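Colleague: The following file, run-v8.cif, comprises mmCIF, N, CA and C atoms:
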data_my_file
loop_
_atom_site.label_atom_id
_atom_site.label_comp_id
_atom_site.auth_asym_id
_atom_site.auth_seq_id
_atom_site.Cartn_x
_atom_site.Cartn_y
_atom_site.Cartn_z
N MET A 1 -21.25 -36.12 12.34
CA MET A 1 -21.91 -34.83 12.34
C MET A 1 -20.91 -33.71 12.06
N LYS A 2 -19.73 -33.76 12.66
CA LYS A 2 -18.71 -32.74 12.45
C LYS A 2 -18.27 -32.72 10.98
N LYS A 3 -18.18 -33.91 10.38
CA LYS A 3 -17.79 -34.01 8.97
C LYS A 3 -18.84 -33.32 8.08
N PHE A 4 -20.12 -33.48 8.45
CA PHE A 4 -21.19 -32.85 7.70
C PHE A 4 -21.11 -31.33 7.77
N SER A 5 -20.82 -30.76 8.95
CA SER A 5 -20.77 -29.31 9.08
C SER A 5 -19.56 -28.73 8.35
N ILE A 6 -18.42 -29.39 8.38
CA ILE A 6 -17.24 -28.92 7.64
C ILE A 6 -17.53 -28.97 6.14
N LEU A 7 -18.17 -30.05 5.70
CA LEU A 7 -18.51 -30.19 4.29
C LEU A 7 -19.52 -29.12 3.87
N SER A 8 -20.51 -28.84 4.71
CA SER A 8 -21.50 -27.82 4.36
C SER A 8 -20.87 -26.43 4.30
N VAL A 9 -19.95 -26.11 5.20
CA VAL A 9 -19.25 -24.81 5.16
C VAL A 9 -18.43 -24.71 3.88
N LEU A 10 -17.76 -25.80 3.51
CA LEU A 10 -16.96 -25.82 2.29
C LEU A 10 -17.83 -25.61 1.05
N VAL A 11 -18.97 -26.27 1.00
CA VAL A 11 -19.89 -26.12 -0.13
C VAL A 11 -20.41 -24.69 -0.21
N ILE A 12 -20.79 -24.12 0.93
CA ILE A 12 -21.28 -22.73 0.95
C ILE A 12 -20.20 -21.78 0.47
N PHE A 13 -18.97 -21.99 0.95
CA PHE A 13 -17.86 -21.13 0.54
C PHE A 13 -17.62 -21.22 -0.97
N LEU A 14 -17.60 -22.43 -1.50
CA LEU A 14 -17.36 -22.62 -2.94
C LEU A 14 -18.50 -22.04 -3.78
N ALA A 15 -19.72 -22.12 -3.28
CA ALA A 15 -20.86 -21.58 -4.02
C ALA A 15 -20.90 -20.06 -3.94
N ALA A 16 -20.51 -19.49 -2.82
CA ALA A 16 -20.59 -18.04 -2.63
C ALA A 16 -19.42 -17.30 -3.27
N ASN A 17 -18.28 -17.97 -3.43
CA ASN A 17 -17.10 -17.30 -3.96
C ASN A 17 -17.31 -16.71 -5.36
N PRO A 18 -17.89 -17.44 -6.33
CA PRO A 18 -18.13 -16.81 -7.65
C PRO A 18 -19.11 -15.66 -7.58
N VAL A 19 -20.11 -15.76 -6.72
CA VAL A 19 -21.08 -14.68 -6.57
C VAL A 19 -20.38 -13.45 -6.01
N TRP A 20 -19.52 -13.65 -5.02
CA TRP A 20 -18.76 -12.55 -4.41
C TRP A 20 -17.88 -11.89 -5.46
N ALA A 21 -17.17 -12.69 -6.26
CA ALA A 21 -16.30 -12.15 -7.31
C ALA A 21 -17.10 -11.40 -8.36
N GLN A 22 -18.26 -11.96 -8.73
CA GLN A 22 -19.09 -11.30 -9.73
C GLN A 22 -19.61 -9.96 -9.21
N SER A 23 -20.02 -9.92 -7.95
CA SER A 23 -20.52 -8.65 -7.41
C SER A 23 -19.40 -7.62 -7.36
N GLY A 24 -18.18 -8.06 -7.04
CA GLY A 24 -17.03 -7.15 -7.05
C GLY A 24 -16.76 -6.63 -8.45
N GLY A 25 -16.93 -7.47 -9.45
CA GLY A 25 -16.74 -7.06 -10.84
C GLY A 25 -17.76 -6.02 -11.25
N HIS A 26 -19.01 -6.25 -10.86
CA HIS A 26 -20.06 -5.27 -11.19
C HIS A 26 -19.81 -3.95 -10.47
N ALA A 27 -19.37 -4.02 -9.23
CA ALA A 27 -19.07 -2.79 -8.48
C ALA A 27 -17.91 -2.04 -9.13
N SER A 28 -16.93 -2.78 -9.63
CA SER A 28 -15.78 -2.15 -10.28
C SER A 28 -16.21 -1.43 -11.57
N VAL A 29 -17.08 -2.07 -12.33
CA VAL A 29 -17.60 -1.44 -13.55
C VAL A 29 -18.41 -0.19 -13.17
N GLY A 30 -19.21 -0.30 -12.10
CA GLY A 30 -19.98 0.85 -11.64
C GLY A 30 -19.08 2.00 -11.23
N LEU A 31 -17.95 1.68 -10.57
CA LEU A 31 -17.00 2.71 -10.18
C LEU A 31 -16.40 3.37 -11.42
N GLY A 32 -16.11 2.58 -12.44
CA GLY A 32 -15.60 3.13 -13.70
C GLY A 32 -16.58 4.09 -14.33
N HIS A 33 -17.86 3.72 -14.31
CA HIS A 33 -18.90 4.63 -14.85
C HIS A 33 -18.98 5.89 -14.00
N GLY A 34 -18.81 5.75 -12.69
CA GLY A 34 -18.82 6.92 -11.81
C GLY A 34 -17.67 7.85 -12.12
N GLU A 35 -16.50 7.27 -12.37
CA GLU A 35 -15.34 8.10 -12.73
C GLU A 35 -15.58 8.82 -14.04
N GLU A 36 -16.22 8.14 -14.98
CA GLU A 36 -16.54 8.77 -16.26
C GLU A 36 -17.55 9.91 -16.06
N GLY A 37 -18.54 9.68 -15.19
CA GLY A 37 -19.52 10.72 -14.89
C GLY A 37 -18.86 11.93 -14.24
N TYR A 38 -17.88 11.68 -13.38
CA TYR A 38 -17.14 12.77 -12.74
C TYR A 38 -16.45 13.61 -13.81
N LEU A 39 -15.83 12.96 -14.77
CA LEU A 39 -15.14 13.69 -15.84
C LEU A 39 -16.12 14.50 -16.69
N HIS A 40 -17.31 13.95 -16.92
CA HIS A 40 -18.34 14.70 -17.66
C HIS A 40 -18.75 15.95 -16.88
N LEU A 41 -18.96 15.80 -15.59
CA LEU A 41 -19.36 16.94 -14.76
C LEU A 41 -18.23 17.98 -14.72
N GLU A 42 -17.02 17.52 -14.63
CA GLU A 42 -15.87 18.43 -14.63
C GLU A 42 -15.80 19.23 -15.94
N GLU A 43 -16.07 18.57 -17.06
CA GLU A 43 -16.10 19.26 -18.36
C GLU A 43 -17.24 20.26 -18.42
N MET A 44 -18.39 19.89 -17.85
CA MET A 44 -19.53 20.81 -17.82
C MET A 44 -19.16 22.08 -17.07
N VAL A 45 -18.46 21.94 -15.94
CA VAL A 45 -18.04 23.10 -15.16
C VAL A 45 -17.13 24.00 -16.00
N LYS A 46 -16.19 23.40 -16.72
CA LYS A 46 -15.27 24.18 -17.55
C LYS A 46 -16.02 24.93 -18.64
N HIS A 47 -16.98 24.26 -19.28
CA HIS A 47 -17.77 24.92 -20.33
C HIS A 47 -18.62 26.05 -19.77
N LEU A 48 -19.19 25.82 -18.59
CA LEU A 48 -20.02 26.86 -17.98
C LEU A 48 -19.17 28.06 -17.58
N GLU A 49 -18.00 27.81 -17.00
CA GLU A 49 -17.10 28.91 -16.65
C GLU A 49 -16.71 29.71 -17.89
N PHE A 50 -16.40 29.01 -18.96
CA PHE A 50 -16.03 29.68 -20.21
C PHE A 50 -17.20 30.50 -20.75
N SER A 51 -18.40 29.92 -20.72
CA SER A 51 -19.58 30.61 -21.25
C SER A 51 -19.87 31.89 -20.47
N LEU A 52 -19.64 31.87 -19.18
CA LEU A 52 -19.90 33.06 -18.36
C LEU A 52 -18.92 34.19 -18.66
N LYS A 53 -17.78 33.87 -19.23
CA LYS A 53 -16.77 34.88 -19.56
C LYS A 53 -16.97 35.49 -20.95
N MET A 54 -17.85 34.89 -21.75
CA MET A 54 -18.07 35.38 -23.11
C MET A 54 -18.79 36.72 -23.09
N GLN A 55 -18.46 37.57 -24.07
CA GLN A 55 -19.07 38.90 -24.14
C GLN A 55 -20.57 38.84 -24.47
N ASP A 56 -20.95 37.85 -25.27
CA ASP A 56 -22.34 37.77 -25.70
C ASP A 56 -23.19 36.84 -24.81
N THR A 57 -22.78 36.67 -23.57
CA THR A 57 -23.54 35.83 -22.64
C THR A 57 -24.92 36.42 -22.41
N SER A 58 -25.93 35.58 -22.49
CA SER A 58 -27.30 36.06 -22.29
C SER A 58 -27.52 36.48 -20.85
N GLU A 59 -28.51 37.35 -20.66
CA GLU A 59 -28.85 37.81 -19.32
C GLU A 59 -29.31 36.64 -18.44
N GLU A 60 -30.02 35.72 -19.05
CA GLU A 60 -30.50 34.55 -18.30
C GLU A 60 -29.33 33.72 -17.78
N LEU A 61 -28.31 33.53 -18.61
CA LEU A 61 -27.13 32.78 -18.17
C LEU A 61 -26.36 33.56 -17.12
N LYS A 62 -26.28 34.88 -17.28
CA LYS A 62 -25.61 35.71 -16.27
C LYS A 62 -26.32 35.63 -14.93
N THR A 63 -27.65 35.48 -14.98
CA THR A 63 -28.44 35.41 -13.76
C THR A 63 -28.32 34.04 -13.09
N HIS A 64 -28.49 32.99 -13.86
CA HIS A 64 -28.57 31.63 -13.29
C HIS A 64 -27.24 30.87 -13.35
N GLY A 65 -26.33 31.28 -14.21
CA GLY A 65 -25.06 30.57 -14.39
C GLY A 65 -24.21 30.44 -13.13
N PRO A 66 -24.01 31.55 -12.40
CA PRO A 66 -23.18 31.44 -11.18
C PRO A 66 -23.73 30.46 -10.15
N VAL A 67 -25.05 30.41 -10.00
CA VAL A 67 -25.65 29.47 -9.06
C VAL A 67 -25.46 28.04 -9.57
N SER A 68 -25.66 27.86 -10.87
CA SER A 68 -25.45 26.54 -11.47
C SER A 68 -24.00 26.10 -11.28
N LEU A 69 -23.09 27.01 -11.49
CA LEU A 69 -21.66 26.72 -11.34
C LEU A 69 -21.34 26.34 -9.89
N GLN A 70 -21.90 27.06 -8.96
CA GLN A 70 -21.68 26.76 -7.54
C GLN A 70 -22.19 25.35 -7.20
N HIS A 71 -23.39 25.03 -7.67
CA HIS A 71 -23.96 23.70 -7.40
C HIS A 71 -23.14 22.60 -8.08
N ALA A 72 -22.68 22.85 -9.28
CA ALA A 72 -21.89 21.84 -9.98
C ALA A 72 -20.57 21.59 -9.27
N LYS A 73 -19.94 22.64 -8.76
CA LYS A 73 -18.68 22.46 -8.02
C LYS A 73 -18.92 21.71 -6.71
N GLU A 74 -20.03 21.97 -6.05
CA GLU A 74 -20.37 21.22 -4.84
C GLU A 74 -20.62 19.75 -5.19
N ALA A 75 -21.28 19.53 -6.32
CA ALA A 75 -21.54 18.15 -6.75
C ALA A 75 -20.23 17.42 -7.04
N LEU A 76 -19.25 18.13 -7.61
CA LEU A 76 -17.94 17.50 -7.86
C LEU A 76 -17.31 17.04 -6.55
N LYS A 77 -17.42 17.85 -5.50
CA LYS A 77 -16.85 17.46 -4.20
C LYS A 77 -17.53 16.20 -3.67
N HIS A 78 -18.87 16.18 -3.76
CA HIS A 78 -19.61 15.00 -3.27
C HIS A 78 -19.31 13.78 -4.14
N TYR A 79 -19.24 13.99 -5.43
CA TYR A 79 -18.94 12.91 -6.38
C TYR A 79 -17.58 12.31 -6.04
N ASN A 80 -16.59 13.17 -5.80
CA ASN A 80 -15.25 12.70 -5.50
C ASN A 80 -15.24 11.90 -4.20
N GLU A 81 -16.01 12.35 -3.22
CA GLU A 81 -16.10 11.62 -1.95
C GLU A 81 -16.73 10.25 -2.16
N ALA A 82 -17.76 10.19 -3.00
CA ALA A 82 -18.40 8.91 -3.30
C ALA A 82 -17.43 7.96 -4.01
N LEU A 83 -16.65 8.50 -4.94
CA LEU A 83 -15.66 7.67 -5.63
C LEU A 83 -14.60 7.17 -4.65
N LYS A 84 -14.23 8.01 -3.70
CA LYS A 84 -13.26 7.61 -2.68
C LYS A 84 -13.80 6.43 -1.88
N HIS A 85 -15.04 6.53 -1.42
CA HIS A 85 -15.64 5.44 -0.65
C HIS A 85 -15.82 4.18 -1.50
N GLY A 86 -16.17 4.36 -2.76
CA GLY A 86 -16.29 3.21 -3.66
C GLY A 86 -14.97 2.50 -3.84
N SER A 87 -13.91 3.27 -3.99
CA SER A 87 -12.57 2.68 -4.13
C SER A 87 -12.19 1.91 -2.87
N GLU A 88 -12.46 2.51 -1.72
CA GLU A 88 -12.15 1.83 -0.45
C GLU A 88 -12.94 0.53 -0.33
N ALA A 89 -14.19 0.54 -0.74
CA ALA A 89 -15.03 -0.65 -0.64
C ALA A 89 -14.50 -1.77 -1.52
N LEU A 90 -13.84 -1.42 -2.61
CA LEU A 90 -13.28 -2.43 -3.50
C LEU A 90 -11.84 -2.79 -3.14
N GLY A 91 -11.34 -2.19 -2.06
CA GLY A 91 -9.99 -2.51 -1.62
C GLY A 91 -8.90 -1.80 -2.40
N ARG A 92 -9.26 -0.74 -3.10
CA ARG A 92 -8.27 0.05 -3.85
C ARG A 92 -7.75 1.16 -2.96
N PRO A 93 -6.55 1.67 -3.26
CA PRO A 93 -6.07 2.81 -2.48
C PRO A 93 -7.04 3.98 -2.64
N ALA A 94 -7.44 4.58 -1.53
CA ALA A 94 -8.47 5.62 -1.58
C ALA A 94 -7.91 6.93 -2.08
N GLY A 95 -6.99 7.53 -1.35
CA GLY A 95 -6.45 8.83 -1.76
C GLY A 95 -7.56 9.75 -2.19
N MET A 96 -7.31 10.52 -3.21
CA MET A 96 -8.34 11.33 -3.84
C MET A 96 -8.47 10.79 -5.26
N PRO A 97 -9.50 10.00 -5.52
CA PRO A 97 -9.61 9.28 -6.78
C PRO A 97 -9.43 10.13 -8.03
N MET A 98 -9.96 11.33 -8.03
CA MET A 98 -9.89 12.13 -9.25
C MET A 98 -8.93 13.30 -9.08
N ALA A 99 -8.02 13.23 -8.09
CA ALA A 99 -6.97 14.23 -7.87
C ALA A 99 -7.51 15.64 -7.78
N GLU A 100 -8.66 15.80 -7.15
CA GLU A 100 -9.30 17.11 -7.02
C GLU A 100 -8.45 18.04 -6.18
N GLY A 101 -8.23 19.23 -6.69
CA GLY A 101 -7.56 20.26 -5.92
C GLY A 101 -6.09 20.04 -5.70
N SER A 102 -5.49 19.05 -6.32
CA SER A 102 -4.09 18.77 -6.08
C SER A 102 -3.18 19.49 -7.06
N GLY A 103 -3.77 20.20 -8.02
CA GLY A 103 -2.98 20.89 -9.02
C GLY A 103 -2.56 19.99 -10.16
N GLU A 104 -2.83 18.71 -10.02
CA GLU A 104 -2.52 17.77 -11.09
C GLU A 104 -3.71 17.69 -12.02
N SER A 105 -3.43 17.28 -13.23
CA SER A 105 -4.56 17.11 -14.15
C SER A 105 -5.24 15.80 -13.82
N SER A 106 -6.50 15.72 -14.15
CA SER A 106 -7.25 14.49 -13.90
C SER A 106 -6.71 13.39 -14.78
N PRO A 107 -6.83 12.14 -14.33
CA PRO A 107 -6.35 11.05 -15.15
C PRO A 107 -7.15 10.96 -16.44
N ALA A 108 -6.51 10.46 -17.46
CA ALA A 108 -7.19 10.31 -18.74
C ALA A 108 -8.36 9.36 -18.58
N PRO A 109 -9.49 9.66 -19.17
CA PRO A 109 -10.64 8.77 -19.02
C PRO A 109 -10.36 7.42 -19.65
N ARG A 110 -10.80 6.38 -18.94
CA ARG A 110 -10.64 5.03 -19.48
C ARG A 110 -11.76 4.77 -20.45
N ARG A 111 -11.47 4.05 -21.50
CA ARG A 111 -12.51 3.66 -22.44
C ARG A 111 -13.11 2.35 -21.93
N GLU A 112 -14.29 2.41 -21.39
CA GLU A 112 -14.97 1.22 -20.90
C GLU A 112 -15.52 0.46 -22.10
N GLU A 113 -15.63 -0.84 -21.93
CA GLU A 113 -16.20 -1.66 -22.97
C GLU A 113 -17.62 -1.18 -23.25
N GLY A 114 -17.94 -0.97 -24.51
CA GLY A 114 -19.27 -0.51 -24.87
C GLY A 114 -19.40 1.00 -24.88
N SER A 115 -18.37 1.72 -24.46
CA SER A 115 -18.42 3.17 -24.47
C SER A 115 -18.09 3.66 -25.88
N SER A 116 -19.04 4.34 -26.49
CA SER A 116 -18.86 4.71 -27.89
C SER A 116 -18.59 6.18 -28.08
N HIS A 117 -18.57 6.95 -27.01
CA HIS A 117 -18.36 8.38 -27.20
C HIS A 117 -16.97 8.78 -26.78
N SER A 118 -16.52 9.89 -27.33
CA SER A 118 -15.17 10.36 -27.14
C SER A 118 -15.21 11.70 -26.43
N HIS A 119 -14.10 12.04 -25.78
CA HIS A 119 -14.00 13.31 -25.07
C HIS A 119 -12.96 14.21 -25.69
N ASP A 120 -12.67 14.01 -26.98
CA ASP A 120 -11.66 14.81 -27.65
C ASP A 120 -12.16 16.22 -27.84
N GLU A 121 -11.24 17.19 -27.78
CA GLU A 121 -11.61 18.58 -28.04
C GLU A 121 -12.18 18.69 -29.45
N GLY A 122 -13.12 19.55 -29.60
CA GLY A 122 -13.72 19.77 -30.91
C GLY A 122 -14.85 18.81 -31.24
N SER A 123 -15.10 17.84 -30.34
CA SER A 123 -16.16 16.88 -30.63
C SER A 123 -17.51 17.35 -30.10
N HIS A 124 -17.58 18.54 -29.52
CA HIS A 124 -18.83 19.03 -28.93
C HIS A 124 -19.56 19.91 -29.93
#
Rewrite the coordinates I just gave you, this time as structure tokens.

Modeller:
Amino acid sequence: MKKFSILSVLVIFLAANPVWAQSGGHASVGLGHGEEGYLHLEEMVKHLEFSLKMQDTSEELKTHGPVSLQHAKEALKHYNEALKHGSEALGRPAGMPMAEGSGESSPAPRREEGSSHSHDEGSH
């Protein structure tokens, strides 16, 4: 009977290990997409800040832009916190994943497999 239980635990472990690794891989890809989304939101904030400084800014943008900017900056804080927790869940060093507020520039975006768009200046 003891031999059967050791064997069954071994079989369960061997069967679950690839599933565990695959789920970690999917989570890692999801974290990469989250980091890319963070960079998109960060670029949106920069564009919105620039647009609000333009002389020909519409009255509608002058009215709603500051509130949009405030919400986007709050979203960046929450996004960064989510990325931090995602990194911790995958066993990566948590720190501040996107170096928010540290005075450093954000890391260069990684090109994920299947990602066909670029973030080069002038491509907008």

Colleague: Could you please determine the separation between atom N of Leu39 in chain A and atom C of Ser68 in chain A in Å, to one decimal place?

Modeller: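 Atom C of Ser68 in chain A lies 15.9 Å from atom N of Leu39 in chain A.
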
Colleague: Figure out the distance between CA of His40 in chain A and atom C of Thr57 in chain A, please, to one decimal in Å.

Modeller: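 About the pair atom C of Thr57 in chain A and CA of His40 in chain A: they are 23.2 Å apart.
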
Colleague: Given the choices A:Pro66, A:Lys53, A:Lys73, A:Ser58, which gets closest to Leu41 in chain A if the distance is worked out from only N, CA and C atoms?

Modeller: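 Of A:Pro66, A:Lys53, A:Lys73, A:Ser58, the one nearest Leu41 in chain A, counting only N, CA and C atoms, is A:Lys73.
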
Colleague: What does the structure give for the distance between CA of Leu31 in chain A and CA of Glu49 in chain A, in Å to one decimal?

Modeller: 27.0 Å

Colleague: As a check of understanding, name the residues that the PyMOL selection byres (((chain A and resi 27 and name CA) around 12) and name CA) selects in the supplied structure, as a list in words.

Modeller: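 The output of the PyMOL selection byres (((chain A and resi 27 and name CA) around 12) and name CA) on this file is Trp20, Ala21, Gln22, Ser23, Gly24, Gly25, His26, Ser28, Val29, Gly30, Leu31, Gly32, His33, Gly34, Leu83, His85, Gly86, Ser87, Glu88, Ala89, Leu90 and Gly91 of chain A.
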
Colleague: Point out the residue among A:Pro93, A:Glu42, A:Ala82, A:Leu48 with the least atom-to-atom distance to Leu69 in chain A, counting all atoms listed in the file.

Modeller: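 Counting all atoms listed in the file, the residue closest to Leu69 in chain A is A:Leu48.
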
Colleague: Output range 66-90 of chain A as a short mmCIF file (atom, residue, chain, number, x, y, z; two decimals), keeping the file's coordinate frame, making sure N, CA, C and O atoms are there.

Modeller:
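File rebuild.cif, as written:
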data_model
loop_
_atom_site.label_atom_id
_atom_site.label_comp_id
_atom_site.auth_asym_id
_atom_site.auth_seq_id
_atom_site.Cartn_x
_atom_site.Cartn_y
_atom_site.Cartn_z
N PRO A 66 -24.01 31.55 -12.40
CA PRO A 66 -23.18 31.44 -11.18
C PRO A 66 -23.73 30.46 -10.15
O PRO A 66 -22.97 29.73 -9.51
N VAL A 67 -25.05 30.41 -10.00
CA VAL A 67 -25.65 29.47 -9.06
C VAL A 67 -25.46 28.04 -9.57
O VAL A 67 -25.10 27.14 -8.81
N SER A 68 -25.66 27.86 -10.87
CA SER A 68 -25.45 26.54 -11.47
C SER A 68 -24.00 26.10 -11.28
O SER A 68 -23.73 24.94 -10.95
N LEU A 69 -23.09 27.01 -11.49
CA LEU A 69 -21.66 26.72 -11.34
C LEU A 69 -21.34 26.34 -9.89
O LEU A 69 -20.61 25.37 -9.64
N GLN A 70 -21.90 27.06 -8.96
CA GLN A 70 -21.68 26.76 -7.54
C GLN A 70 -22.19 25.35 -7.20
O GLN A 70 -21.49 24.57 -6.56
N HIS A 71 -23.39 25.03 -7.67
CA HIS A 71 -23.96 23.70 -7.40
C HIS A 71 -23.14 22.60 -8.08
O HIS A 71 -22.95 21.53 -7.48
N ALA A 72 -22.68 22.85 -9.28
CA ALA A 72 -21.89 21.84 -9.98
C ALA A 72 -20.57 21.59 -9.27
O ALA A 72 -20.12 20.44 -9.16
N LYS A 73 -19.94 22.64 -8.76
CA LYS A 73 -18.68 22.46 -8.02
C LYS A 73 -18.92 21.71 -6.71
O LYS A 73 -18.10 20.88 -6.32
N GLU A 74 -20.03 21.97 -6.05
CA GLU A 74 -20.37 21.22 -4.84
C GLU A 74 -20.62 19.75 -5.19
O GLU A 74 -20.21 18.85 -4.45
N ALA A 75 -21.28 19.53 -6.32
CA ALA A 75 -21.54 18.15 -6.75
C ALA A 75 -20.23 17.42 -7.04
O ALA A 75 -20.11 16.24 -6.73
N LEU A 76 -19.25 18.13 -7.61
CA LEU A 76 -17.94 17.50 -7.86
C LEU A 76 -17.31 17.04 -6.55
O LEU A 76 -16.72 15.95 -6.49
N LYS A 77 -17.42 17.85 -5.50
CA LYS A 77 -16.85 17.46 -4.20
C LYS A 77 -17.53 16.20 -3.67
O LYS A 77 -16.87 15.28 -3.21
N HIS A 78 -18.87 16.18 -3.76
CA HIS A 78 -19.61 15.00 -3.27
C HIS A 78 -19.31 13.78 -4.14
O HIS A 78 -19.18 12.67 -3.62
N TYR A 79 -19.24 13.99 -5.43
CA TYR A 79 -18.94 12.91 -6.38
C TYR A 79 -17.58 12.31 -6.04
O TYR A 79 -17.41 11.09 -5.99
N ASN A 80 -16.59 13.17 -5.80
CA ASN A 80 -15.25 12.70 -5.50
C ASN A 80 -15.24 11.90 -4.20
O ASN A 80 -14.57 10.87 -4.10
N GLU A 81 -16.01 12.35 -3.22
CA GLU A 81 -16.10 11.62 -1.95
C GLU A 81 -16.73 10.25 -2.16
O GLU A 81 -16.30 9.25 -1.58
N ALA A 82 -17.76 10.19 -3.00
CA ALA A 82 -18.40 8.91 -3.30
C ALA A 82 -17.43 7.96 -4.01
O ALA A 82 -17.39 6.76 -3.71
N LEU A 83 -16.65 8.50 -4.94
CA LEU A 83 -15.66 7.67 -5.63
C LEU A 83 -14.60 7.17 -4.65
O LEU A 83 -14.13 6.03 -4.75
N LYS A 84 -14.23 8.01 -3.70
CA LYS A 84 -13.26 7.61 -2.68
C LYS A 84 -13.80 6.43 -1.88
O LYS A 84 -13.10 5.43 -1.68
N HIS A 85 -15.04 6.53 -1.42
CA HIS A 85 -15.64 5.44 -0.65
C HIS A 85 -15.82 4.18 -1.50
O HIS A 85 -15.62 3.07 -1.01
N GLY A 86 -16.17 4.36 -2.76
CA GLY A 86 -16.29 3.21 -3.66
C GLY A 86 -14.97 2.50 -3.84
O GLY A 86 -14.90 1.27 -3.85
N SER A 87 -13.91 3.27 -3.99
CA SER A 87 -12.57 2.68 -4.13
C SER A 87 -12.19 1.91 -2.87
O SER A 87 -11.66 0.80 -2.95
N GLU A 88 -12.46 2.51 -1.72
CA GLU A 88 -12.15 1.83 -0.45
C GLU A 88 -12.94 0.53 -0.33
O GLU A 88 -12.41 -0.48 0.12
N ALA A 89 -14.19 0.54 -0.74
CA ALA A 89 -15.03 -0.65 -0.64
C ALA A 89 -14.50 -1.77 -1.52
O ALA A 89 -14.67 -2.95 -1.20
N LEU A 90 -13.84 -1.42 -2.61
CA LEU A 90 -13.28 -2.43 -3.50
C LEU A 90 -11.84 -2.79 -3.14
O LEU A 90 -11.19 -3.55 -3.84
#
